[in-house]
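Undergrad: Supplied structure: start.txt, compact mmCIF, C-alpha atoms.
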# COMPACT_ATOMS: atom_id res chain seq x y z
CA MET A 1377 148.06 86.85 -1.25
CA GLU A 1378 147.85 86.35 -5.00
CA GLY A 1379 147.93 89.66 -6.86
CA TYR A 1380 148.59 91.69 -3.71
CA ARG A 1381 149.80 94.74 -5.60
CA ARG A 1382 146.78 94.68 -7.88
CA PHE A 1383 144.47 94.38 -4.89
CA LEU A 1384 146.26 97.25 -3.15
CA ALA A 1385 145.97 99.44 -6.26
CA LEU A 1386 142.25 98.71 -6.54
CA LEU A 1387 141.73 99.34 -2.84
CA VAL A 1388 143.49 102.70 -2.89
CA SER A 1389 141.59 103.68 -6.04
CA ALA A 1390 138.25 102.70 -4.51
CA LEU A 1391 138.91 104.57 -1.28
CA LEU A 1392 140.04 107.64 -3.18
CA LEU A 1393 137.02 107.60 -5.49
CA GLY A 1394 134.63 107.06 -2.59
CA PHE A 1395 136.15 109.88 -0.57
CA VAL A 1396 136.04 112.23 -3.58
CA ALA A 1397 132.38 111.28 -4.13
CA VAL A 1398 131.57 112.24 -0.53
CA VAL A 1399 133.40 115.56 -0.92
CA CYS A 1400 131.61 116.25 -4.21
CA SER A 1401 128.20 115.59 -2.63
CA ILE A 1402 129.00 118.15 0.08
CA VAL A 1403 130.31 120.67 -2.46
CA TRP A 1404 127.16 120.18 -4.54
CA VAL A 1405 124.75 121.12 -1.76
CA LEU A 1406 126.94 123.93 -0.41
CA ARG A 1407 127.73 125.59 -3.74
CA TYR A 1408 124.74 124.86 -5.99
CA ARG A 1409 121.94 124.20 -3.50
CA GLU A 1410 120.89 125.91 -0.25
CA GLY A 1411 123.53 124.39 2.03
CA LEU A 1412 122.86 122.20 5.05
CA GLY A 1413 120.42 122.77 7.89
CA TRP A 1414 117.60 121.18 9.85
CA ASP A 1415 114.64 123.52 9.50
CA GLY A 1416 112.25 121.61 7.27
CA GLY A 1417 113.45 123.48 4.20
CA ALA A 1418 115.68 122.69 1.27
CA ALA A 1419 118.77 122.77 3.50
CA GLU A 1420 117.35 119.87 5.49
CA PHE A 1421 116.62 117.91 2.32
CA ASN A 1422 120.25 118.33 1.28
CA TRP A 1423 121.29 116.03 4.11
CA HIS A 1424 119.68 113.23 2.12
CA PRO A 1425 122.19 113.01 -0.77
CA VAL A 1426 125.15 113.76 1.49
CA LEU A 1427 124.31 111.04 4.03
CA VAL A 1428 123.36 108.50 1.37
CA VAL A 1429 126.66 108.92 -0.47
CA THR A 1430 128.62 108.98 2.79
CA GLY A 1431 126.95 106.13 4.65
CA PHE A 1432 124.92 103.99 2.30
CA VAL A 1433 127.52 104.02 -0.49
CA PHE A 1434 130.99 104.77 0.90
CA VAL A 1435 130.81 103.24 4.40
CA GLN A 1436 128.83 100.23 3.19
CA GLY A 1437 131.40 99.63 0.46
CA ILE A 1438 134.20 99.61 3.03
CA ALA A 1439 132.20 97.20 5.20
CA ILE A 1440 131.86 94.81 2.26
CA ILE A 1441 135.60 94.49 1.64
CA VAL A 1442 136.87 94.74 5.22
CA TYR A 1443 137.38 90.95 5.35
CA ARG A 1444 139.52 91.14 2.21
CA LEU A 1445 142.21 93.33 3.73
CA PRO A 1446 145.24 90.99 3.96
CA TRP A 1447 146.83 92.80 6.91
CA THR A 1448 143.77 91.87 9.00
CA TRP A 1449 143.98 88.14 8.33
CA LYS A 1450 146.02 87.51 11.46
CA CYS A 1451 143.47 89.39 13.57
CA SER A 1452 140.74 87.57 15.42
CA LYS A 1453 137.79 86.77 13.19
CA LEU A 1454 135.50 87.91 15.97
CA LEU A 1455 137.18 91.31 15.96
CA MET A 1456 136.67 91.58 12.20
CA LYS A 1457 133.03 90.64 12.64
CA PHE A 1458 132.58 93.50 15.10
CA ILE A 1459 134.26 95.92 12.68
CA HIS A 1460 132.08 94.68 9.81
CA ALA A 1461 128.94 94.99 11.92
CA GLY A 1462 129.99 98.40 13.26
CA LEU A 1463 130.54 99.85 9.79
CA ASN A 1464 127.19 98.52 8.62
CA THR A 1465 125.51 99.96 11.70
CA ILE A 1466 126.99 103.39 10.97
CA ALA A 1467 125.77 103.16 7.37
CA MET A 1468 122.30 102.16 8.60
CA ILE A 1469 122.07 105.09 11.01
CA LEU A 1470 123.11 107.58 8.33
CA ALA A 1471 120.60 106.08 5.90
CA ILE A 1472 117.76 106.41 8.42
CA VAL A 1473 118.66 110.04 9.17
CA SER A 1474 118.69 110.76 5.44
CA MET A 1475 115.21 109.24 5.12
CA VAL A 1476 113.92 111.35 8.01
CA ALA A 1477 115.25 114.48 6.32
CA VAL A 1478 113.39 113.66 3.11
CA PHE A 1479 110.06 112.90 4.79
CA GLU A 1480 110.21 116.02 6.96
CA TYR A 1481 111.00 118.17 3.94
CA HIS A 1482 108.18 116.65 1.87
CA ASN A 1483 105.68 116.99 4.69
CA ALA A 1484 106.65 120.62 5.32
CA ARG A 1485 106.28 121.48 1.62
CA LYS A 1486 103.16 119.34 1.10
CA ILE A 1487 105.01 117.15 -1.41
CA PRO A 1488 103.70 113.58 -1.82
CA ASN A 1489 105.89 110.81 -0.45
CA MET A 1490 106.85 107.51 -2.07
CA TYR A 1491 105.61 108.17 -5.59
CA SER A 1492 108.81 107.74 -7.63
CA LEU A 1493 110.83 104.66 -8.55
CA HIS A 1494 113.78 106.22 -6.73
CA SER A 1495 111.82 106.29 -3.47
CA TRP A 1496 110.50 102.75 -3.95
CA ILE A 1497 113.95 101.25 -4.52
CA GLY A 1498 115.52 103.41 -1.82
CA LEU A 1499 113.03 102.47 0.88
CA THR A 1500 113.21 98.80 -0.15
CA ALA A 1501 117.00 98.93 0.18
CA VAL A 1502 116.72 100.48 3.67
CA ILE A 1503 114.23 97.82 4.81
CA PHE A 1504 116.26 94.90 3.50
CA TYR A 1505 119.47 96.44 4.81
CA SER A 1506 117.99 96.59 8.30
CA LEU A 1507 116.90 92.95 8.01
CA GLN A 1508 120.36 92.01 6.74
CA LEU A 1509 121.95 93.78 9.69
CA PHE A 1510 119.63 92.14 12.23
CA LEU A 1511 120.11 88.63 10.84
CA GLY A 1512 123.85 89.21 10.62
CA PHE A 1513 123.96 90.05 14.32
CA ALA A 1514 121.68 87.17 15.31
CA VAL A 1515 123.26 84.44 13.18
CA PHE A 1516 126.92 85.32 12.59
CA LEU A 1517 127.93 87.59 15.47
CA LEU A 1518 126.15 86.05 18.45
CA PRO A 1519 127.39 82.55 19.39
CA PHE A 1520 123.97 80.90 19.57
CA ALA A 1521 123.30 79.93 15.95
CA PRO A 1522 124.29 76.34 15.06
CA VAL A 1523 127.02 75.77 12.50
CA PRO A 1524 124.71 74.15 9.89
CA LEU A 1525 122.44 77.21 9.99
CA ARG A 1526 125.41 79.54 9.48
CA ALA A 1527 126.63 77.40 6.60
CA ALA A 1528 123.21 77.51 4.95
CA LEU A 1529 122.71 81.25 5.38
CA MET A 1530 126.22 82.42 4.51
CA PRO A 1531 125.76 82.37 0.69
CA ILE A 1532 122.43 84.17 1.07
CA HIS A 1533 123.99 86.74 3.40
CA VAL A 1534 126.81 87.47 0.95
CA TYR A 1535 124.55 87.63 -2.10
CA SER A 1536 121.92 89.82 -0.44
CA GLY A 1537 124.60 92.20 0.82
CA LEU A 1538 125.97 92.72 -2.68
CA LEU A 1539 122.45 93.02 -4.11
CA ILE A 1540 121.52 95.71 -1.59
CA PHE A 1541 124.73 97.58 -2.39
CA VAL A 1542 123.87 97.55 -6.12
CA ALA A 1543 120.30 98.67 -5.36
CA VAL A 1544 121.60 101.56 -3.25
CA ILE A 1545 123.86 102.75 -6.06
CA ALA A 1546 121.00 102.51 -8.57
CA SER A 1547 118.72 104.44 -6.23
CA ALA A 1548 121.38 107.11 -5.68
CA LEU A 1549 121.82 107.62 -9.42
CA MET A 1550 118.08 107.93 -9.92
CA GLY A 1551 117.83 110.31 -6.98
CA ILE A 1552 120.46 112.79 -8.16
CA THR A 1553 119.02 112.72 -11.68
CA GLU A 1554 115.53 113.31 -10.32
CA LYS A 1555 116.79 116.22 -8.21
CA LEU A 1556 118.43 117.87 -11.21
CA LEU A 1557 115.34 117.45 -13.38
CA PHE A 1558 113.15 119.10 -10.75
CA SER A 1559 115.59 121.83 -9.69
CA LEU A 1560 117.21 123.01 -12.91
CA GLN A 1561 114.73 125.18 -14.79
CA SER A 1562 116.68 128.07 -16.26
CA PRO A 1563 118.94 126.80 -17.66
CA ALA A 1564 117.36 123.36 -17.87
CA TYR A 1565 119.10 120.08 -17.20
CA SER A 1566 119.10 119.31 -20.92
CA GLU A 1567 121.24 122.39 -21.55
CA SER A 1568 124.08 120.92 -19.42
CA PRO A 1569 124.71 123.79 -17.01
CA PRO A 1570 127.76 123.55 -14.70
CA GLU A 1571 125.72 121.98 -11.88
CA ALA A 1572 124.45 119.24 -14.18
CA ILE A 1573 127.95 118.40 -15.38
CA PHE A 1574 129.28 118.43 -11.81
CA VAL A 1575 126.56 116.10 -10.52
CA ASN A 1576 126.87 113.79 -13.53
CA CYS A 1577 130.55 113.43 -12.63
CA LEU A 1578 129.46 112.60 -9.08
CA GLY A 1579 127.32 109.82 -10.51
CA LEU A 1580 130.27 108.45 -12.45
CA LEU A 1581 132.36 108.45 -9.28
CA ILE A 1582 129.68 106.46 -7.45
CA VAL A 1583 129.40 103.90 -10.27
CA THR A 1584 133.17 103.44 -10.52
CA PHE A 1585 133.50 103.10 -6.75
CA GLY A 1586 130.77 100.47 -6.71
CA ALA A 1587 132.34 98.56 -9.59
CA LEU A 1588 135.71 98.39 -7.81
CA ILE A 1589 134.10 97.22 -4.58
CA LEU A 1590 132.13 94.50 -6.35
CA TRP A 1591 135.24 93.35 -8.23
CA MET A 1592 137.32 93.05 -5.07
CA ALA A 1593 134.48 91.31 -3.22
CA SER A 1594 133.92 88.74 -5.97
CA ARG A 1595 137.52 87.55 -6.49
CA PRO A 1596 137.93 84.18 -4.72
CA HIS A 1597 141.73 84.44 -4.50
CA TRP A 1598 141.37 87.63 -2.42
CA LYS A 1599 139.17 85.95 0.15
CA ARG A 1600 140.28 85.67 3.77
CA PRO A 1601 141.96 82.26 4.07
CA PRO A 1602 140.14 79.91 6.48
CA GLU A 1603 143.44 78.50 7.72
CA GLU A 1604 144.47 81.93 8.99
CA SER A 1605 141.29 82.11 11.04
CA ALA A 1606 141.97 78.70 12.52
CA LYS A 1607 145.30 79.90 13.94
CA VAL A 1608 143.54 82.36 16.27
CA GLN A 1609 142.61 80.17 19.24
CA ARG A 1610 140.66 80.91 22.36
CA PRO A 1611 142.77 81.52 25.48
CA ASN A 1612 141.59 78.24 27.01
CA GLY A 1613 142.66 76.28 23.96
CA GLY A 1614 139.17 75.74 22.60
CA ALA A 1615 137.79 76.21 19.13
CA PRO A 1616 138.77 79.20 16.95
CA GLU A 1617 137.18 82.43 18.07
CA GLY A 1618 134.43 83.88 15.89
CA VAL A 1619 135.07 81.58 12.92
CA GLU A 1620 132.27 81.67 10.39
CA ALA A 1621 130.43 78.61 9.25
CA GLU A 1622 132.48 78.34 6.10
CA SER A 1623 135.74 78.44 8.01
CA THR A 1624 134.43 75.96 10.55
CA MET A 1625 133.42 73.52 7.87
CA THR A 1626 136.81 73.83 6.21
CA ASP A 1627 138.59 73.29 9.51
CA CYS A 1628 136.48 70.21 10.21
CA SER A 1629 137.29 68.79 6.80
CA ASN A 1630 141.00 69.43 7.43
CA ALA A 1631 140.71 67.66 10.78
CA ASP A 1632 139.05 64.69 9.10
CA ARG A 1633 141.85 64.49 6.60
CA SER A 1634 144.49 64.66 9.33
CA ASP A 1635 142.72 61.88 11.26
CA ALA A 1636 142.62 59.78 8.14
CA GLY A 1637 146.36 60.24 7.87
CA PHE A 1638 146.82 57.91 10.84
CA ASN A 1639 145.33 55.04 8.86
CA SER A 1640 147.68 52.82 6.96
CA GLU A 1641 148.09 53.03 3.21
CA ALA A 1642 146.72 49.52 2.89
CA ALA A 1643 143.50 50.43 4.70
CA ARG A 1644 142.96 53.42 2.43
CA LYS A 1645 143.37 51.27 -0.64
CA ARG A 1646 140.92 48.69 0.68
CA ASN A 1647 138.30 51.33 1.39
CA PHE A 1648 138.80 53.32 -1.83
CA LYS A 1649 136.28 51.42 -3.89
CA LEU A 1650 133.67 51.51 -1.13
CA ASP A 1651 134.15 55.27 -0.69
CA GLU A 1652 133.92 55.84 -4.42
CA ALA A 1653 130.68 53.87 -4.62
CA GLY A 1654 129.26 55.76 -1.66
CA GLN A 1655 130.06 59.11 -3.26
CA ARG A 1656 128.35 58.12 -6.49
CA SER A 1657 125.26 57.04 -4.59
CA THR A 1658 124.90 60.44 -2.93
CA MET A 1659 125.32 62.56 -6.10
Using structure tokens, write down the structure from this file.
TA:
Amino acid sequence: MEGYRRFLALLVSALLLGFVAVVCSIVWVLRYREGLGWDGGAAEFNWHPVLVVTGFVFVQGIAIIVYRLPWTWKCSKLLMKFIHAGLNTIAMILAIVSMVAVFEYHNARKIPNMYSLHSWIGLTAVIFYSLQLFLGFAVFLLPFAPVPLRAALMPIHVYSGLLIFVAVIASALMGITEKLLFSLQSPAYSESPPEAIFVNCLGLLIVTFGALILWMASRPHWKRPPEESAKVQRPNGGAPEGVEAESTMTDCSNADRSDAGFNSEAARKRNFKLDEAGQRSTM
């Protein structure tokens, strides 16, 4: 792996920052708010920031980079798909519970629902995340989707996953700011009391964690090599187990090149001009 030490340093830093962010969210509600509970009061609402930071930010971030871990490259791709899907499922469950806590709290206190930009972006992220999870199961985990469909949807799946992750972080930042503006009266948020400074630091932790995750996920040289996936064969000697569309297409192209190797050098030279003309005609 190119830049293994740099990747490892970024990974450890991201995990540490994400874990500290989760701890800080718990400390926030236990020390500065009313704690945690499930009684329709403020303690129930406090589950919302804790579960969002834990599941929708931290766990989802781990799910995004789980394919990038080099010590998993010799594992079955199908196993890694189950781990990826499992982590996303956990994040989805925690996000739904956090939404339930908010709606129950608002309904108990007669507070209007879905009026702020934070709630709009947050609910949109939950809806699209659930669609992303469903399509991921149906297309990439179950063995029924054809390879061309997987190849066509893979770039969309990757892009939408990163977009949802960014939207979740933006919604979390708006949410904690909104909570401080509503809750801090004397002293006010503008006077920078200790709670405001503490929660602002929590926001910085979330942003930095997200930036590290996006950086690791966007580096092509830290991507799981397709050739490593091809080495994991089914017990009966069939095709590679759980290989994604991209890996399958790469393997097929490698097979074509190996078949072409059986042709003589003279035949390749004779067909070069025809191949070149055919390529130009399809561009």
Undergrad: Quick one: distance from CA of Gly1462 (chain A) to CA of Leu1499 (chain A) in Å, one decimal?
TA: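 Pair CA of Gly1462 (chain A) / CA of Leu1499 (chain A) returns 21.4 Å.
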Undergrad: Fewer than 4 positions away in the same chain doesn't count, so skip those; otherwise give me all residues within 9 Å of region 1593-1595 of chain A, counting all atoms listed in the file, as a PyMOL selection string.
TA: chain A and resi 1440-1441+1444+1538+1588-1589+1599
Undergrad: How many Å lie between CA of Phe1516 (chain A) and CA of Arg1600 (chain A), rounded to one decimal?
TA: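 Between these atoms lies a distance of 16.0 Å.
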Undergrad: Between A:Tyr1505, A:Met1530, A:Pro1446, A:Asn1422, which is the closest to Gly1379 (chain A) once you count all atoms listed in the file?
TA: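 Ranked by minimum distance to Gly1379 (chain A), first place goes to A:Pro1446.
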Undergrad: For CA of Phe1479 (chain A) and CA of Phe1513 (chain A), determine how far apart the two atoms are, in Å to one decimal place.
TA: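 CA of Phe1479 (chain A) sits 28.4 Å away from CA of Phe1513 (chain A).
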